[in-house]
Each structure stands twice: as structure tokens, then as C-alpha cells.
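Undergrad: I'm passing along run_29.txt; it holds compact mmCIF, C-alpha atoms.
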# COMPACT_ATOMS: atom_id res chain seq x y z
CA MET A 18 -2.43 -14.01 -29.03
CA LYS A 19 -3.34 -11.90 -26.02
CA LYS A 20 -6.65 -10.07 -25.86
CA VAL A 21 -6.37 -6.33 -25.26
CA LEU A 22 -9.39 -4.27 -24.25
CA CYS A 23 -9.00 -0.52 -24.73
CA VAL A 24 -11.61 1.85 -23.27
CA LEU A 25 -9.85 5.10 -24.13
CA PRO A 26 -11.54 7.50 -26.61
CA VAL A 27 -8.89 6.77 -29.24
CA GLU A 28 -8.75 7.93 -32.85
CA GLN A 29 -7.46 5.79 -35.71
CA ARG A 30 -3.91 7.12 -35.32
CA HIS A 31 -3.93 6.12 -31.66
CA LYS A 32 -5.14 2.63 -32.52
CA GLU A 33 -2.32 2.26 -35.01
CA LYS A 34 0.22 3.29 -32.38
CA LEU A 35 -1.13 0.86 -29.79
CA GLU A 36 -1.37 -2.04 -32.24
CA ALA A 37 2.13 -1.39 -33.57
CA ALA A 38 3.42 -1.65 -30.01
CA ALA A 39 1.80 -5.05 -29.45
CA LYS A 40 1.71 -6.63 -32.88
CA ASP A 41 0.63 -10.11 -31.86
CA CYS A 42 -2.35 -9.00 -29.78
CA GLU A 43 -6.07 -8.90 -30.56
CA PHE A 44 -7.54 -5.47 -29.81
CA THR A 45 -11.10 -4.56 -28.86
CA TYR A 46 -12.12 -0.92 -28.51
CA VAL A 47 -15.15 -0.03 -26.39
CA PRO A 48 -16.07 3.33 -24.81
CA ALA A 49 -15.58 3.21 -21.04
CA LYS A 50 -19.26 3.96 -20.41
CA GLU A 51 -20.37 1.06 -22.62
CA VAL A 52 -17.97 -1.66 -21.51
CA THR A 53 -19.51 -4.83 -20.11
CA GLU A 54 -18.34 -7.08 -17.32
CA GLU A 55 -17.99 -9.93 -19.80
CA GLN A 56 -15.58 -7.86 -21.90
CA VAL A 57 -13.59 -6.88 -18.84
CA ARG A 58 -13.30 -10.40 -17.49
CA SER A 59 -12.29 -11.89 -20.85
CA ALA A 60 -9.41 -9.45 -21.38
CA GLU A 61 -5.81 -10.28 -20.59
CA ILE A 62 -4.67 -6.68 -20.92
CA ILE A 63 -6.82 -3.61 -20.29
CA VAL A 64 -5.90 -0.08 -21.33
CA GLY A 65 -7.94 2.55 -19.52
CA CYS A 66 -10.02 2.76 -16.36
CA VAL A 67 -12.82 0.21 -16.32
CA PRO A 68 -15.19 0.03 -13.32
CA ALA A 69 -13.27 -1.66 -10.53
CA SER A 70 -16.37 -3.65 -9.61
CA MET A 71 -16.31 -5.39 -12.99
CA ILE A 72 -12.81 -6.80 -12.54
CA ASN A 73 -13.60 -8.89 -9.49
CA ALA A 74 -10.07 -10.36 -9.25
CA SER A 75 -10.23 -11.71 -12.80
CA GLU A 76 -7.77 -14.57 -13.21
CA LYS A 77 -7.29 -13.74 -16.89
CA LEU A 78 -6.23 -10.13 -16.36
CA GLU A 79 -2.45 -9.87 -16.55
CA LEU A 80 -1.95 -6.13 -16.99
CA LEU A 81 -4.12 -3.11 -16.19
CA GLN A 82 -2.84 0.15 -17.66
CA LEU A 83 -4.78 3.01 -16.06
CA ASN A 84 -5.31 6.33 -17.79
CA THR A 85 -5.10 8.08 -14.42
CA ALA A 86 -2.32 8.75 -11.94
CA GLY A 87 -4.69 7.94 -9.08
CA THR A 88 -5.16 4.26 -8.32
CA ASP A 89 -7.59 4.39 -5.38
CA PRO A 90 -10.35 1.97 -6.55
CA TYR A 91 -7.94 -0.62 -7.94
CA ILE A 92 -5.71 -1.24 -4.92
CA VAL A 93 -8.63 -2.28 -2.72
CA PRO A 94 -8.19 -5.95 -1.73
CA GLY A 95 -10.23 -8.26 -3.94
CA VAL A 96 -10.35 -6.02 -7.00
CA LEU A 97 -7.25 -7.29 -8.81
CA GLY A 98 -5.97 -10.84 -8.85
CA LYS A 99 -2.60 -11.65 -7.30
CA ASN A 100 -1.02 -12.05 -10.73
CA THR A 101 -2.31 -8.78 -12.20
CA VAL A 102 0.24 -6.01 -12.69
CA LEU A 103 -1.13 -2.49 -12.19
CA VAL A 104 0.47 0.47 -13.95
CA ASN A 105 -0.72 4.07 -13.92
CA ALA A 106 -0.33 7.18 -16.08
CA THR A 107 2.21 9.03 -13.97
CA GLY A 108 3.90 11.57 -16.22
CA ALA A 109 0.82 12.43 -18.25
CA TYR A 110 -0.78 15.04 -16.01
CA SER A 111 2.11 17.13 -14.69
CA LYS A 112 1.79 20.05 -17.09
CA ALA A 113 -2.01 20.30 -16.98
CA VAL A 114 -2.50 20.02 -13.22
CA ALA A 115 0.52 22.10 -12.21
CA GLU A 116 -0.46 24.96 -14.51
CA HIS A 117 -4.06 24.82 -13.27
CA ALA A 118 -2.85 25.06 -9.68
CA LEU A 119 -0.54 27.94 -10.51
CA ALA A 120 -3.37 29.75 -12.27
CA MET A 121 -5.51 29.34 -9.14
CA TYR A 122 -2.69 30.73 -7.02
CA PHE A 123 -2.27 33.82 -9.19
CA ALA A 124 -6.00 34.44 -9.42
CA LEU A 125 -6.33 34.33 -5.63
CA HIS A 126 -3.21 36.36 -4.86
CA LYS A 127 -4.10 39.04 -7.40
CA LYS A 128 -7.81 38.84 -6.43
CA LEU A 129 -8.82 38.29 -10.04
CA HIS A 130 -11.80 36.18 -8.95
CA LEU A 131 -13.16 39.16 -7.01
CA TYR A 132 -12.70 41.49 -9.96
CA ARG A 133 -14.49 39.00 -12.21
CA ASP A 134 -17.42 38.94 -9.78
CA ALA A 135 -17.42 42.74 -9.72
CA GLN A 136 -17.35 42.86 -13.51
CA LYS A 137 -20.54 40.81 -13.67
CA LYS A 138 -22.16 43.35 -11.36
CA HIS A 139 -20.83 46.28 -13.45
CA SER A 140 -19.03 47.43 -10.30
CA TRP A 141 -15.82 49.50 -10.59
CA SER A 142 -14.35 48.13 -7.34
CA ASP A 143 -10.88 48.17 -5.80
CA PHE A 144 -10.08 45.17 -3.60
CA GLY A 145 -6.84 46.50 -2.19
CA THR A 146 -3.38 45.06 -1.76
CA VAL A 147 -2.05 41.92 -3.42
CA THR A 148 1.04 39.77 -2.96
CA SER A 149 3.75 38.33 -5.20
CA ILE A 150 5.08 34.86 -5.80
CA THR A 151 8.60 36.27 -6.04
CA ASP A 152 10.35 35.51 -2.74
CA ALA A 153 7.25 33.67 -1.45
CA THR A 154 7.73 30.36 0.35
CA VAL A 155 5.86 27.53 -1.35
CA LEU A 156 5.24 24.20 0.37
CA VAL A 157 4.52 21.30 -2.02
CA VAL A 158 2.95 18.36 -0.21
CA GLY A 159 3.30 15.31 -2.44
CA LEU A 160 6.46 15.53 -4.50
CA GLY A 161 5.59 13.20 -7.34
CA ASP A 162 5.54 14.08 -11.03
CA ILE A 163 2.89 16.81 -10.67
CA GLY A 164 4.37 18.18 -7.46
CA CYS A 165 7.84 18.42 -9.01
CA HIS A 166 6.51 20.20 -12.10
CA PHE A 167 4.64 22.70 -9.92
CA ALA A 168 7.77 23.23 -7.84
CA ARG A 169 9.82 23.99 -10.95
CA LEU A 170 7.28 26.55 -12.14
CA CYS A 171 7.32 28.29 -8.76
CA LYS A 172 11.11 28.33 -8.55
CA ALA A 173 11.31 29.78 -12.06
CA LEU A 174 9.15 32.65 -10.84
CA GLY A 175 11.41 33.36 -7.88
CA ALA A 176 9.74 31.40 -5.07
CA TYR A 177 11.55 29.46 -2.36
CA VAL A 178 10.19 25.92 -2.56
CA ILE A 179 9.99 23.27 0.15
CA GLY A 180 8.98 19.73 -0.75
CA VAL A 181 7.34 17.05 1.40
CA LYS A 182 7.26 13.39 0.39
CA ARG A 183 6.63 9.99 1.94
CA ARG A 184 10.14 8.65 1.95
CA ALA A 185 13.49 10.28 2.52
CA SER A 186 15.59 10.65 -0.62
CA ASP A 187 18.15 12.90 -2.22
CA LYS A 188 16.82 16.42 -2.74
CA PRO A 189 15.74 17.02 -6.35
CA ASP A 190 16.73 20.30 -8.02
CA CYS A 191 13.09 21.44 -8.15
CA VAL A 192 13.03 22.21 -4.41
CA ASP A 193 15.25 24.16 -2.04
CA GLU A 194 14.51 21.93 0.95
CA LEU A 195 13.12 18.40 1.23
CA TYR A 196 11.41 16.71 4.17
CA THR A 197 9.17 13.75 4.96
CA PHE A 198 5.62 13.98 6.34
CA GLU A 199 6.91 13.85 9.90
CA SER A 200 8.01 17.48 9.50
CA LEU A 201 4.75 18.81 8.05
CA ASN A 202 3.56 20.50 11.26
CA GLU A 203 6.81 22.46 11.57
CA LEU A 204 6.80 23.48 7.90
CA LEU A 205 3.24 24.80 7.60
CA PRO A 206 3.88 28.06 9.54
CA ARG A 207 6.62 28.98 7.03
CA ALA A 208 4.50 28.68 3.90
CA ASP A 209 2.81 31.44 1.93
CA LEU A 210 1.32 28.81 -0.36
CA VAL A 211 0.52 25.20 0.50
CA PHE A 212 -0.04 23.04 -2.59
CA SER A 213 -1.42 19.56 -1.88
CA ILE A 214 -1.30 16.86 -4.51
CA LEU A 215 -1.93 13.76 -2.39
CA PRO A 216 -3.71 10.57 -3.55
CA GLY A 217 -6.88 9.24 -1.98
CA MET A 218 -5.24 6.98 0.59
CA LYS A 219 -6.65 6.16 4.02
CA SER A 220 -3.40 7.32 5.59
CA VAL A 221 -4.04 10.92 4.48
CA TYR A 222 -7.82 11.02 4.88
CA HIS A 223 -8.76 14.41 6.39
CA LEU A 224 -5.09 15.16 6.89
CA TYR A 225 -5.90 18.85 6.54
CA ASN A 226 -8.00 19.38 9.63
CA ALA A 227 -8.60 22.32 11.97
CA GLU A 228 -5.26 21.73 13.68
CA LEU A 229 -3.26 21.92 10.45
CA PHE A 230 -5.14 24.93 9.08
CA GLY A 231 -4.47 26.58 12.43
CA LYS A 232 -0.73 26.16 11.91
CA MET A 233 -0.76 28.03 8.58
CA LYS A 234 -0.13 31.74 8.19
CA LYS A 235 -3.25 33.89 8.21
CA SER A 236 -1.98 35.23 4.87
CA ALA A 237 -1.47 31.74 3.41
CA VAL A 238 -3.22 30.29 0.38
CA PHE A 239 -4.13 26.59 0.27
CA ILE A 240 -4.46 24.80 -3.08
CA ASN A 241 -5.67 21.19 -3.42
CA CYS A 242 -5.52 19.34 -6.74
CA GLY A 243 -4.99 15.86 -5.30
CA ARG A 244 -8.04 14.21 -3.76
CA GLY A 245 -10.90 15.82 -1.88
CA GLY A 246 -10.74 13.26 0.92
CA ALA A 247 -7.43 14.69 2.12
CA VAL A 248 -9.29 17.78 3.35
CA ASP A 249 -11.82 18.07 6.16
CA GLN A 250 -14.15 20.45 4.30
CA LYS A 251 -15.80 21.78 7.45
CA ALA A 252 -12.36 22.64 8.81
CA LEU A 253 -11.50 24.35 5.52
CA TYR A 254 -14.75 26.31 5.59
CA ASP A 255 -14.14 27.42 9.16
CA ALA A 256 -10.54 28.39 8.39
CA LEU A 257 -11.67 30.55 5.47
CA VAL A 258 -14.55 32.18 7.35
CA ASN A 259 -12.53 32.82 10.51
CA GLY A 260 -9.48 34.15 8.69
CA ASP A 261 -7.15 31.36 9.77
CA ILE A 262 -5.95 31.34 6.15
CA ALA A 263 -6.41 34.01 3.49
CA ALA A 264 -7.81 31.97 0.61
CA ALA A 265 -8.06 28.54 -0.96
CA GLY A 266 -8.36 27.00 -4.40
CA ILE A 267 -9.74 23.48 -4.69
CA ASP A 268 -10.19 21.38 -7.81
CA VAL A 269 -11.32 18.34 -5.82
CA THR A 270 -14.02 17.89 -3.21
CA GLU A 271 -15.70 15.26 -1.07
CA PRO A 272 -18.09 14.15 -2.48
CA GLU A 273 -17.93 14.90 -6.19
CA PRO A 274 -19.93 16.63 -7.50
CA LEU A 275 -20.02 18.96 -4.51
CA GLY A 276 -23.54 19.16 -3.11
CA GLU A 277 -25.56 22.21 -4.09
CA ASP A 278 -26.17 22.94 -0.41
CA SER A 279 -22.49 23.05 0.51
CA PRO A 280 -21.54 26.37 2.17
CA LEU A 281 -18.25 26.34 0.25
CA TRP A 282 -20.02 27.67 -2.86
CA GLU A 283 -20.72 31.00 -1.16
CA LEU A 284 -17.20 31.92 -0.01
CA ASP A 285 -15.56 34.91 -1.69
CA ASN A 286 -12.07 33.73 -0.69
CA LEU A 287 -12.49 30.28 -2.24
CA LEU A 288 -11.90 29.44 -5.90
CA LEU A 289 -13.59 26.16 -6.82
CA THR A 290 -13.25 24.15 -10.03
CA PRO A 291 -15.03 20.81 -10.68
CA HIS A 292 -12.06 18.41 -10.94
CA VAL A 293 -11.00 19.72 -14.34
CA SER A 294 -7.28 20.32 -13.82
CA GLY A 295 -6.51 16.92 -15.28
CA TYR A 296 -8.56 14.59 -17.46
CA TYR A 297 -8.08 15.53 -21.14
CA HIS A 298 -8.86 19.23 -20.95
CA LEU A 299 -5.30 19.84 -22.10
CA PRO A 300 -5.21 17.71 -25.29
CA GLU A 301 -1.52 16.98 -24.80
CA THR A 302 -2.43 14.99 -21.70
CA PHE A 303 -4.30 12.38 -23.73
CA GLU A 304 -1.42 12.06 -26.18
CA ARG A 305 0.91 11.43 -23.24
CA ILE A 306 -1.42 8.73 -21.91
CA VAL A 307 -1.52 6.92 -25.25
CA ASN A 308 2.27 7.10 -25.48
CA ILE A 309 2.67 5.63 -21.98
CA ALA A 310 0.18 2.87 -22.80
CA ALA A 311 1.89 2.04 -26.11
CA ASP A 312 5.28 1.95 -24.44
CA ASN A 313 4.04 -0.40 -21.73
CA LEU A 314 2.30 -2.64 -24.26
CA TYR A 315 5.59 -2.98 -26.12
CA ARG A 316 7.50 -3.60 -22.93
CA TYR A 317 5.02 -6.18 -21.62
CA THR A 318 4.77 -8.16 -24.85
CA ASN A 319 8.56 -8.15 -25.19
CA GLY A 320 9.37 -9.13 -21.61
CA LYS A 321 10.86 -5.78 -20.66
CA GLU A 322 10.51 -3.79 -17.43
CA LEU A 323 7.27 -1.79 -17.26
CA ARG A 324 6.90 1.93 -16.54
CA ASN A 325 4.83 3.19 -13.59
CA VAL A 326 4.27 -0.12 -11.81
CA VAL A 327 2.09 0.64 -8.78
CA ASP A 328 2.97 -0.30 -5.23
CA PHE A 329 -0.29 -1.62 -3.72
CA ALA A 330 0.79 -0.57 -0.24
CA THR A 331 1.04 3.12 -1.16
CA GLY A 332 -0.97 3.63 -4.34
CA TYR A 333 2.04 5.33 -5.93
CA LYS A 334 4.29 4.02 -8.63
CA LYS A 335 7.23 2.08 -7.18
Reformat the file's structure so that it appears as C-alpha cells.
TA:
Amino acid sequence: MKKVLCVLPVEQRHKEKLEAAAKDCEFTYVPAKEVTEEQVRSAEIIVGCVPASMINASEKLELLQLNTAGTDPYIVPGVLGKNTVLVNATGAYSKAVAEHALAMYFALHKKLHLYRDAQKKHSWSDFGTVTSITDATVLVVGLGDIGCHFARLCKALGAYVIGVKRRASDKPDCVDELYTFESLNELLPRADLVFSILPGMKSVYHLYNAELFGKMKKSAVFINCGRGGAVDQKALYDALVNGDIAAAGIDVTEPEPLGEDSPLWELDNLLLTPHVSGYYHLPETFERIVNIAADNLYRYTNGKELRNVVDFATGYKK
């Protein structure tokens, strides 16, 4: 009988679903903030994100099912044992994050954030011309589950969508053109909107620097809902102040929370949200996570192929 530790904020109906998927397992439920290292290191299967420091390459841990798509802390050498399989929650966050990013885009393009600020000041102000997503060129950098969902939304609204991904593959229907990262510099000048949904990998740390912002249209909008580390925030600040790009929306920063003294807070052409596009703010997201976890528990305990197995070299699912 395998020991399963679940740190998700599950209700009774969720517990029943998980336990039905792995009938011969012993389940322990502990809130993530209350879990102990002893509980982590005695578990053979863990459902949910426990502190990476508590795992310490546990020899007992066979399967770690994350409740996030990001895997950054868990692919660091020495965290997981060589026999531990890591799976993430790819597929759970596409609707929530993509819609949040699209909402940011519309708010910035229609200057709704400026009108909201004016409303608070009781000011009947006119902020001038706006633009449309119809016939706009959208560049999606990171064409995973979230990126593809965002691309579909944009195409449905009449945009021309270009996708960028790590590896060459057949072009999915959600984009009009597909390239690898080697073409990013040539693609940036074409984009009216750049949507970044990259993970927190060393290979993309501060990818968006002064040089890349300088290649974008002065009328372009930059949206980041991936990881804050992909953006050099000083370069972003300078690009927004100097008019190298028109506006930006960021749901992620470096560090988090963003320091109170950061100059980004004061920019009128920046829309900032505190990493809320994902998590469980859209209740459906949590239901998707439980379903993914239950499916993988069933698969693992029945010797079947798992969903969302993570490649440690990339941090993405294989």
C-alpha cells in the first residue's frame, strides 16, 4: 500500500475522486503551509507543491504531481531523487491565464486603465485614439498549452498570430506562422502585441533586455504572464518611459512581491497584477488540477503511461 501525501486544499468530493483513482493507497491530507519534512520524506507519492527544500532527494518519493505548470524549484539538481518521476499540471491553467492576458491587452489598447484612474479623480478626460486587435499581428513566445489557448482567442478575434517555440514542429492550427527562438529577433519588429509565457529557466533569464525591446514597434504592447525573471525590469522601465514600446501588462515580476520602491508602480502605460492570472482564482482551474492528479494516480498505480511527465533538461512536459 503506497503512501500518498496530498497538500491541495481539497474538499470531500475531491478526496473521493483521488482515492477512487488509487484504491490501494493510504492518503494523508495536510495543508501545504502546515506540511512537515517528515511527512514529505515518508511519502511515496505527493500531490501538490511541497517546499522543494523538504524533499532533499528522498529515496522513497516515486511520483511528484505538481499543481503548477511551472517546475523551476523541482528540477534543480539534488532536489528529486533519480527514481522520482515529476509531472506537472499542464492543461489546467490555459483558460485562466490566456483570458487574463487578453483582458490586459484590451485594457491597454482601449486605455481603460487610464479611464479608471480618471474616474477615481472625478475627471471627465479623453485619452485619444485606440487600436484594434482585428488585423493586428500577435507574437506568442512560448507555444505551450497556455500560449496555444491565447493564440486561438486572438485568431478568433481576427488577429494574425505568429508562434515561437523551442523546437521545430508541424504548425498547429492556432497560429498562422511558426518559428523557433532563433527567429525571435526578426519577428519582434512585426508584432503589435508580444505575449510571453516562458518558464523560469536559466536559458531565458532576462531574455527581454534593452536590445529586444528596441526591436519592437513603438506602438507595440508587451504582456508577460510567464515568469518575471524572463524580463530585465530596468530595460522594461526604460522602454516604457522612453517610448520604445507603447505599453506593457505584467502579471509576474522579479522579485515577488514587487518592492514598494520599484519605479514600475508609477508608470501610466504599465498594467501590473500580482501573479493572479493563474492559481485558483478561476475555480475551474482547481477542478482541472484535481482531475489531472486523479488521472495520473490511476495511471501510476495501474502501470500506465503518465500525463505531463517533465523533461528535467527543459522544465517542460516531454
Undergrad: Out of A:Ala109, A:Leu174, A:Leu288, A:Val102, which residue has the shortest atom-to-atom distance to A:Ile309 when counting only C-alpha atoms?
TA: A:Ala109
Undergrad: Contacts of A:Asp41 at 7 Å or less, counting all atoms listed in the file, minus same-chain residues fewer than 2 places along, as an NGL selection string?
TA: :A and (18 or 39 or 43)
Undergrad: Counting only C-alpha atoms, which residues sit no farther than 8 Å from the position (-12.6, 24.7, -8.0) in the file's frame? I'd like them as a list in words.
TA: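 Applying the cut-off with only C-alpha atoms, one gets Gly266, Ile267, Asp268, Val269, Leu288, Leu289, Thr290, Pro291 and His292 of chain A.
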Undergrad: For stretch 187-190 of chain A, list every protein, DNA or RNA residue within 9 Å, evaluated using all atoms listed in the file, and leave out those in the same chain fewer than 5 positions away; present the list as a ChimeraX atom specification.
TA: /A:165,169,180,195-196
Undergrad: Find the residue from A:Gly332, A:Gln56, A:Pro90, A:Asn84 that sits nearest to A:Pro26; use only C-alpha atoms when measuring.
TA: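 Comparing A:Gly332, A:Gln56, A:Pro90, A:Asn84 against A:Pro26, the winner is A:Asn84.
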